[in-house]
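*Asks:* For reference, the structure I am asking about is given below.
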Amino acid sequence: MTTRLFGSPIKRNEDPRLLTGQALFVDDVELPGLLHVAFLRSPYGHARLGHVDAAAARALPGVIAVYTADDLGEYWQPGPPLVPEPPIPGTVFRRRTQVPLARGKVKHAGEPIAMVIAESRYLAEDALTLINVDYDLLPAVVDIERALDPDAPRIHDDLDSNLAARVQQAKGDYAAAKARADVVIQRRFVYDRGPSAAMENRGVVAQWDARAGKLTVWDTTQAPVVIRNGLAGMLGLSENQVRVIAPFIGGGFGPKIMMFYPEEVLVPWVAMRLNRPVKWIEDRAENFYATTQERGQVHESEMALTRDGKILGVKDSFVVDTGAYNPYGLTIPLNTQCTLLGLYDVPAYQTDFEQVFTNKTIVTPYRGAGRQHGIFVMERLLDLAARELGLDRVEIRRRNLLRPDQFPHNHQIMFQDFAPLVYDNGNYAPMLEQTLEMIGYNRFIREEQPKARAEGRALGIGVVTYVEGTGIGPYEGARVQVQPSGKVTVATGIGTQGQGHYTVFAQIVADQIGADVRDVEVVTGDTDQFYWGAGTFASRGAVVAGNAINEAAKDVRAKILRLASDLLEAAEEDLELRDGQVFVRGVPARGIKLGALAQRANPMRGAVKPGTQPGLEATNYFGPERGATAAGVHAMIVELDRETLEVKILRYVTSHDCGRVINPMVLDGQIHGGVAQGIGNAFYEQLIYDENGVLLNGSFMDFLLPTALDVPNIETHHQETPSPLNPLGVKGAGEAGAIPVGALFAQAVEDALNVPGLEILEIPLSPLRLFELTR
């Protein structure tokens with residue numbers, strides 16, 4: 001294959017539709033007779049539920065139905081487990097999943113109690129005010145470090161405590177490493193929770209066609225195939241009777257992979273029960289309560305080192321908030337345990353965590369999915385160790401980086417895919433040096449910072465590294481078809497939420513079969529177009545689906561060459577695919593367009609050779625042996641206002657390695673978006689709960705997000721270390737930008753403040769929190 005498009009920064013195929021308002025989002029779905037849903041949600045974090053009186057709401061003109069838990073009959077069941085218990089010896093895991101509508105007790109503010117179906121959303125919302133609920137308030141569990149106290153209120157009455165899980169993992173002998181260490185650094189770190197705050201909130205539209213026996217669901221999900229399979233089982237239908245469409249989605253970031261939200265379960269059930277189409281669109285207030293969140297962890301950590309800064313071992317014990325339920329298992333804390341090791345050679349590692357139930361919104365992966373926490377702990381420990389040992393912060397990192405000859409590197413700690421974390425390859429030192437050169441590290445330390453401080457300005461610099469496990473299985477598939485019109489269709493089971501799939505997948509196919517990339521139509525997220533798939537998560541779209549598409553396109557290429565060889569009476573090796581046609585190399589006039597060839601591949605008369613298949617079409621699948629490991633280094637320079645303690649980012653640079661780059665422009669966009677979210681997590685976004693589990697800042701009036709004025713220009717450099725684990729040599733990049741920013745922000749701000757003894761050991765920060773820390 002002669003690469004023409006792979007690696008090129010071509011403009012995105014999907015953008016004309018998005019920019020002209022022609023892209024379909026879930027709320028754009030309008031159907032005749034459409035009904036609208038609103039949910040009555042608990043205003044309290046923890047309470048017994050008494051009588052739910054919906055009589056007045058049912059009597060309101062325009063209200064079609066009101067349902068409570070008692071109205072659901074056998075359909076009222078706890079949600080399915082999404083991720084099983086990891087096969088780690090000694091693991092304690094107590095799963096509790098949410099129910100469609102609360103019965104007997106509410107366990108977090110925002111938990112749905114009743115649903116109203118009406119002719120308009122306005123009527124449905126009015127009807128909510130007519131529903132009377134008897135609440136008996138209970139003490140709430142909000143502080144994760146107090147959740148396991150003997151006298152802590154129990155969230156699940158059938159359990160003897162709020163312990164959801166306990167896991168221990170280790171490699172090497174940390175006690176021995178600590179015993180021979182010259183210095184041991186011990187600290188407590190806090191990383192608080194926040195929401196993803198996607199531009200588009202969640203939504204579900206369902207239509208039941210009783211005559212055809214077909215249920216169609218439009219859903220803002222990252223996993224349409226899994227949703228289809230689950231709904232079919234819950235509703236007593238065959239999978240062929242359920243079509244799930246995940247159209248354009250305004251940001252997923254992880255929470256939209258959560259399955260099954262109560263709304264996803266209830267809206268299709270109501271559509272079938274009423275035999276009318278039904279729509280629910282989450283409003284922003286609901287999003288703060290009802291959509292899953294992430295982050296909350298507290299770590300007690302220590303690092304053992306030699307006097308020259310070589311890491312001998314790390315020990316980390318932490319508690320992780322799972323919210324009121326834990327449907328997503330232990331994905332987040334397992335990621336934390338693994339990612340803490342970073343780019344470094346750590347001979348001994350002892351790690352354990354306790355996952356605890358609290359009276360807060362459910363925790364599931366959000367861009368980074370636990371990796372931020374591990375990177376924050378490791379990078380801050382290195383900063384503290386460098387200060388203790390009198391080393392430069394960069395030099396201590398340089399001395400501990402894994403070398404290229406140490407790959408593949410088995411860290412021996414179980415990853416989220418339930419296999420030991422093995423780094424496929426990497427070349428970390430050049431990335432570090434490239435980043436230092438881009439940011440001008442030596443000049444800043446020697447010249448710019450001393451000059452600024454002499455002028456009374458507070459400038460600081462930060463440099464951190466990170467690793468991202470990407471591209472995990474189990475598999476994805478794809479179908480590639482050349483049509484008689486000359487257009488090419490690619491269908492795959494994953495969904496898309498803005499990652500540029502319509503472009504990068506088209507580039508892969510266009511390179512294989514010589515088509516114009518603008519003639520390649522990509523279809524994602526429609527279970528009637530492609531039957532199999534796992535979903536878009538864990539930075540796996542390009543790695544897993546991309547390689548499946550590549551394999552299917554190679555099969556189509558082989559068919560093209562075989563048929564063209566017969567028609568053009570030339571050997572296959574003498575044929576060339578380019579510009580939408582196949583021709584004899586060196587004789588462009590002796591060729592045939594792909595569309596015409598597709599027609600010849602589907603004859604309406606005559607005989608075909610035994611063993612041949614009609615059409616220029618192929619379906620193939622790809623499942624990786626294990627995940628590919630991306631990595632990078634970020635650096636930034638900040639300036640603090642000494643009076644207001646507002647932080648301004650003056651420069652931000654990254655050097656990133658995600659294997660072979662399909663489209664550098666799209667990749668830059670992924671990195672930039674991740675950094676923007678990372679900045680928000682680091683300095684702006686924090687959810688504040690009162691002692692009763694009630695969210696106090698659940699609106700954009702009170703909850704801060706970074707704006708375009710707060711996100712700097714981001715300079716990127718891409719190093720390519722092709723992964724040996726897939727034919728394309730690619731690694732994932734969807735979460736990379738967000739992962740190291742908290743640690744980077746803390747280091748740079750601490751450097752700018754230059755306050756003796758000040759250590760920033762928590763995220764998120766804010767001007768107010770910096771004021772408290774510095775005073």
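All residue names refer to the structure tokens as shown: chains lettered A, B, ... in order, residues numbered from 1 in each chain, ligands numbered from 1 in order.
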Apply DSSP to the structure's backbone, then extract all residues of region 405-467 of chain A labelled strand (DSSP E) and return them as JSON, numbers by chain.

*Replies:* {"A": [409, 410, 411, 412, 413, 414, 420, 421, 422, 423, 458, 459, 460, 461, 462, 463, 464, 465, 466, 467]}

*Asks:* How would the residues just chosen look if you wrote them out with all heavy atoms as a short mmCIF file (atom, residue, chain, number, x, y, z; two decimals), in the first residue's frame?

*Replies:*
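Everything below was put into result06.cif:
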```
data_model
loop_
_atom_site.label_atom_id
_atom_site.label_comp_id
_atom_site.auth_asym_id
_atom_site.auth_seq_id
_atom_site.Cartn_x
_atom_site.Cartn_y
_atom_site.Cartn_z
N HIS A 409 7.49 -3.99 28.71
CA HIS A 409 7.74 -3.87 30.15
C HIS A 409 6.49 -4.31 30.92
O HIS A 409 5.44 -3.69 30.81
CB HIS A 409 8.10 -2.44 30.52
CG HIS A 409 8.56 -2.30 31.94
ND1 HIS A 409 9.84 -2.59 32.34
CD2 HIS A 409 7.89 -1.92 33.06
CE1 HIS A 409 9.95 -2.37 33.63
NE2 HIS A 409 8.78 -1.98 34.10
N ASN A 410 6.63 -5.37 31.68
CA ASN A 410 5.52 -5.91 32.46
C ASN A 410 5.54 -5.31 33.85
O ASN A 410 6.44 -5.59 34.65
CB ASN A 410 5.62 -7.44 32.53
CG ASN A 410 4.39 -8.07 33.17
OD1 ASN A 410 3.53 -7.38 33.71
ND2 ASN A 410 4.29 -9.38 33.09
N HIS A 411 4.53 -4.49 34.14
CA HIS A 411 4.44 -3.87 35.47
C HIS A 411 3.82 -4.81 36.51
O HIS A 411 3.78 -4.48 37.70
CB HIS A 411 3.63 -2.58 35.40
CG HIS A 411 4.44 -1.38 35.02
ND1 HIS A 411 5.54 -0.97 35.73
CD2 HIS A 411 4.31 -0.50 34.00
CE1 HIS A 411 6.05 0.12 35.20
NE2 HIS A 411 5.33 0.43 34.14
N GLN A 412 3.24 -5.92 36.05
CA GLN A 412 2.72 -6.97 36.94
C GLN A 412 1.49 -6.55 37.75
O GLN A 412 1.07 -7.27 38.64
CB GLN A 412 3.82 -7.45 37.90
CG GLN A 412 5.08 -7.95 37.21
CD GLN A 412 6.18 -8.26 38.18
OE1 GLN A 412 5.94 -8.80 39.26
NE2 GLN A 412 7.42 -7.93 37.82
N ILE A 413 0.91 -5.40 37.44
CA ILE A 413 -0.28 -4.92 38.15
C ILE A 413 -1.47 -5.03 37.21
O ILE A 413 -1.39 -4.65 36.04
CB ILE A 413 -0.09 -3.45 38.60
CG1 ILE A 413 1.14 -3.33 39.51
CG2 ILE A 413 -1.34 -2.95 39.32
CD1 ILE A 413 1.06 -4.12 40.79
N MET A 414 -2.57 -5.58 37.71
CA MET A 414 -3.75 -5.84 36.88
C MET A 414 -4.36 -4.53 36.38
O MET A 414 -4.64 -3.61 37.16
CB MET A 414 -4.78 -6.61 37.68
CG MET A 414 -5.94 -7.16 36.86
SD MET A 414 -5.49 -8.64 35.93
CE MET A 414 -5.33 -9.84 37.27
N PRO A 420 -2.26 -8.30 33.34
CA PRO A 420 -1.17 -7.46 33.86
C PRO A 420 -0.82 -6.36 32.87
O PRO A 420 -0.78 -6.59 31.66
CB PRO A 420 -0.02 -8.46 34.04
CG PRO A 420 -0.68 -9.78 34.20
CD PRO A 420 -1.91 -9.74 33.33
N LEU A 421 -0.56 -5.17 33.40
CA LEU A 421 -0.24 -4.04 32.54
C LEU A 421 1.14 -4.22 31.93
O LEU A 421 2.15 -4.26 32.64
CB LEU A 421 -0.30 -2.74 33.34
CG LEU A 421 0.06 -1.47 32.56
CD1 LEU A 421 -0.96 -1.23 31.45
CD2 LEU A 421 0.13 -0.27 33.48
N VAL A 422 1.19 -4.34 30.61
CA VAL A 422 2.44 -4.49 29.88
C VAL A 422 2.54 -3.33 28.89
O VAL A 422 1.67 -3.17 28.03
CB VAL A 422 2.50 -5.84 29.13
CG1 VAL A 422 3.81 -5.93 28.33
CG2 VAL A 422 2.40 -7.00 30.11
N TYR A 423 3.58 -2.51 29.03
CA TYR A 423 3.82 -1.45 28.05
C TYR A 423 4.40 -2.08 26.79
O TYR A 423 5.41 -2.79 26.86
CB TYR A 423 4.82 -0.42 28.59
CG TYR A 423 4.36 0.41 29.76
CD1 TYR A 423 3.09 0.24 30.33
CD2 TYR A 423 5.19 1.36 30.32
CE1 TYR A 423 2.69 1.03 31.40
CE2 TYR A 423 4.80 2.14 31.39
CZ TYR A 423 3.55 1.96 31.94
OH TYR A 423 3.15 2.73 33.01
N ALA A 458 5.24 36.84 39.77
CA ALA A 458 5.23 35.45 40.22
C ALA A 458 5.06 34.53 39.02
O ALA A 458 3.93 34.24 38.60
CB ALA A 458 4.11 35.23 41.23
N LEU A 459 6.17 34.11 38.44
CA LEU A 459 6.16 33.18 37.32
C LEU A 459 6.61 31.80 37.78
O LEU A 459 7.52 31.68 38.62
CB LEU A 459 7.10 33.66 36.19
CG LEU A 459 6.46 34.47 35.05
CD1 LEU A 459 5.90 35.78 35.60
CD2 LEU A 459 7.48 34.73 33.95
N GLY A 460 5.97 30.77 37.25
CA GLY A 460 6.35 29.41 37.59
C GLY A 460 6.31 28.50 36.38
O GLY A 460 5.60 28.78 35.41
N ILE A 461 7.06 27.42 36.43
CA ILE A 461 7.11 26.46 35.33
C ILE A 461 6.82 25.07 35.87
O ILE A 461 7.13 24.76 37.03
CB ILE A 461 8.49 26.49 34.63
CG1 ILE A 461 8.43 25.74 33.29
CG2 ILE A 461 9.60 25.92 35.52
CD1 ILE A 461 9.66 25.96 32.41
N GLY A 462 6.21 24.24 35.06
CA GLY A 462 5.93 22.86 35.42
C GLY A 462 6.28 21.95 34.28
O GLY A 462 6.09 22.30 33.11
N VAL A 463 6.79 20.75 34.59
CA VAL A 463 7.09 19.71 33.60
C VAL A 463 6.72 18.37 34.21
O VAL A 463 7.25 18.00 35.26
CB VAL A 463 8.58 19.70 33.21
CG1 VAL A 463 8.84 18.61 32.16
CG2 VAL A 463 9.05 21.05 32.68
N VAL A 464 5.78 17.68 33.59
CA VAL A 464 5.38 16.36 34.09
C VAL A 464 5.25 15.39 32.93
O VAL A 464 5.09 15.78 31.77
CB VAL A 464 4.04 16.41 34.88
CG1 VAL A 464 4.12 17.37 36.04
CG2 VAL A 464 2.89 16.76 33.97
N THR A 465 5.29 14.11 33.27
CA THR A 465 5.12 13.05 32.27
C THR A 465 3.87 12.26 32.60
O THR A 465 3.31 12.35 33.70
CB THR A 465 6.33 12.10 32.25
OG1 THR A 465 6.27 11.24 33.40
CG2 THR A 465 7.64 12.86 32.26
N TYR A 466 3.43 11.45 31.65
CA TYR A 466 2.25 10.62 31.89
C TYR A 466 2.24 9.45 30.92
O TYR A 466 2.95 9.44 29.89
CB TYR A 466 0.95 11.42 31.71
CG TYR A 466 0.72 11.87 30.28
CD1 TYR A 466 -0.08 11.11 29.42
CD2 TYR A 466 1.32 13.02 29.79
CE1 TYR A 466 -0.27 11.52 28.11
CE2 TYR A 466 1.12 13.43 28.49
CZ TYR A 466 0.33 12.67 27.65
OH TYR A 466 0.15 13.05 26.35
N VAL A 467 1.48 8.46 31.26
CA VAL A 467 1.27 7.30 30.41
C VAL A 467 -0.22 7.06 30.31
O VAL A 467 -0.99 7.40 31.21
CB VAL A 467 2.00 6.07 30.98
CG1 VAL A 467 1.35 5.60 32.28
CG2 VAL A 467 2.04 4.92 29.98
#
```

*Asks:* Would you write out, as a tab-separated table, a table of all residues in region 132-237 of chain A that have an atom no more than 9 Å from an atom of region 364-375 of chain A, listing for each the closest atom pair and the distance in Å to one decimal, considering only C-alpha atoms and ordering rows by chain and rising residue number?

*Replies:*
```
residue	atom	partner	partner_atom	distance
A:Val190	CA	A:His373	CA	8.6
A:Tyr191	CA	A:His373	CA	6.6
A:Pro195	CA	A:Tyr366	CA	8.0
A:Ser196	CA	A:Tyr366	CA	6.5
```

*Asks:* Any idea what's packed within 8 Å of Thr68 (chain A), counting only C-alpha atoms, ignoring anything in its chain fewer than 6 positions away? Could you give it as number ranges by chain?

*Replies:* A: 52, 101, 113-115

*Asks:* I want to know what sits within 8 Å of Gln169 (chain A), based on only C-alpha atoms, with residues of the same chain fewer than 2 positions away left out; could you give that as a ChimeraX atom specification?

*Replies:* /A:88,167,171,350-352,413-414

*Asks:* Pick out the residues sitting within 10 Å of Ser42 (chain A), and hand them over as a VMD selection string; count only C-alpha atoms, and ignore anything fewer than 2 positions along from it in its own chain.

*Replies:* chain A and resid 39 to 40 44 to 47 49 102 105 to 114 133 135 289 694

*Asks:* Running DSSP on the backbone, which parts of region 54-164 of chain A land in helix (DSSP H, G or I), as a count of residues only?

*Replies:* 22

*Asks:* Taking only C-alpha atoms into account, name the residue in A:Ile649, A:Gln168, A:Phe318, A:Leu687 that is nearest to Asp702 (chain A).

*Replies:*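 The answer is A:Leu687, which sits nearest to Asp702 (chain A).
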
*Asks:* Please, what distance in Å, to one decimal, runs between CA of Asp657 (chain A) and CA of Leu5 (chain A)?

*Replies:*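 That distance, rounded to one decimal, is 19.6 Å.
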
*Asks:* Nearest to Ala147 (chain A) among A:Gly669, A:Gly323, A:Gly252, A:Gly73, with distances taken over only C-alpha atoms: which residue is it?

*Replies:*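 Comparing A:Gly669, A:Gly323, A:Gly252, A:Gly73 against Ala147 (chain A), the winner is A:Gly323.
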
*Asks:* Suppose you want the space between CA of Thr716 (chain A) and CA of Ile662 (chain A); what is it in Å?

*Replies:*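 Separation of CA of Thr716 (chain A) and CA of Ile662 (chain A): 15.4 Å.
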
*Asks:* Find the distance between CA of Gly233 (chain A) and CA of Val99 (chain A) and write it in Å to one decimal.

*Replies:* 16.1 Å

*Asks:* Report as a count of residues only all protein, DNA and RNA residues lying within 6 Å of Lys279 (chain A), evaluated on only C-alpha atoms, omitting residues in the same chain fewer than 2 positions from it.

*Replies:* 3

*Asks:* Can you tell me, as a list in words, what residues are no more than 9 Å from Asp283 (chain A) when counting only C-alpha atoms, ignoring any on the same chain fewer than 2 positions away?

*Replies:* Asn201, Arg202, Ile281, Ala285, Glu286 and Asn287 of chain A

*Asks:* What are the closest atom pairs, with distances in Å to one decimal, for all residues of region 613-706 of chain A lying within 8 Å of region 482-488 of chain A? Consider only C-alpha atoms, order rows by chain and residue number, and present the result as a tab-separated table.

*Replies:*
```
residue	atom	partner	partner_atom	distance
A:Gly615	CA	A:Val482	CA	7.7
A:Leu616	CA	A:Val482	CA	5.4
A:Glu617	CA	A:Val482	CA	6.4
```
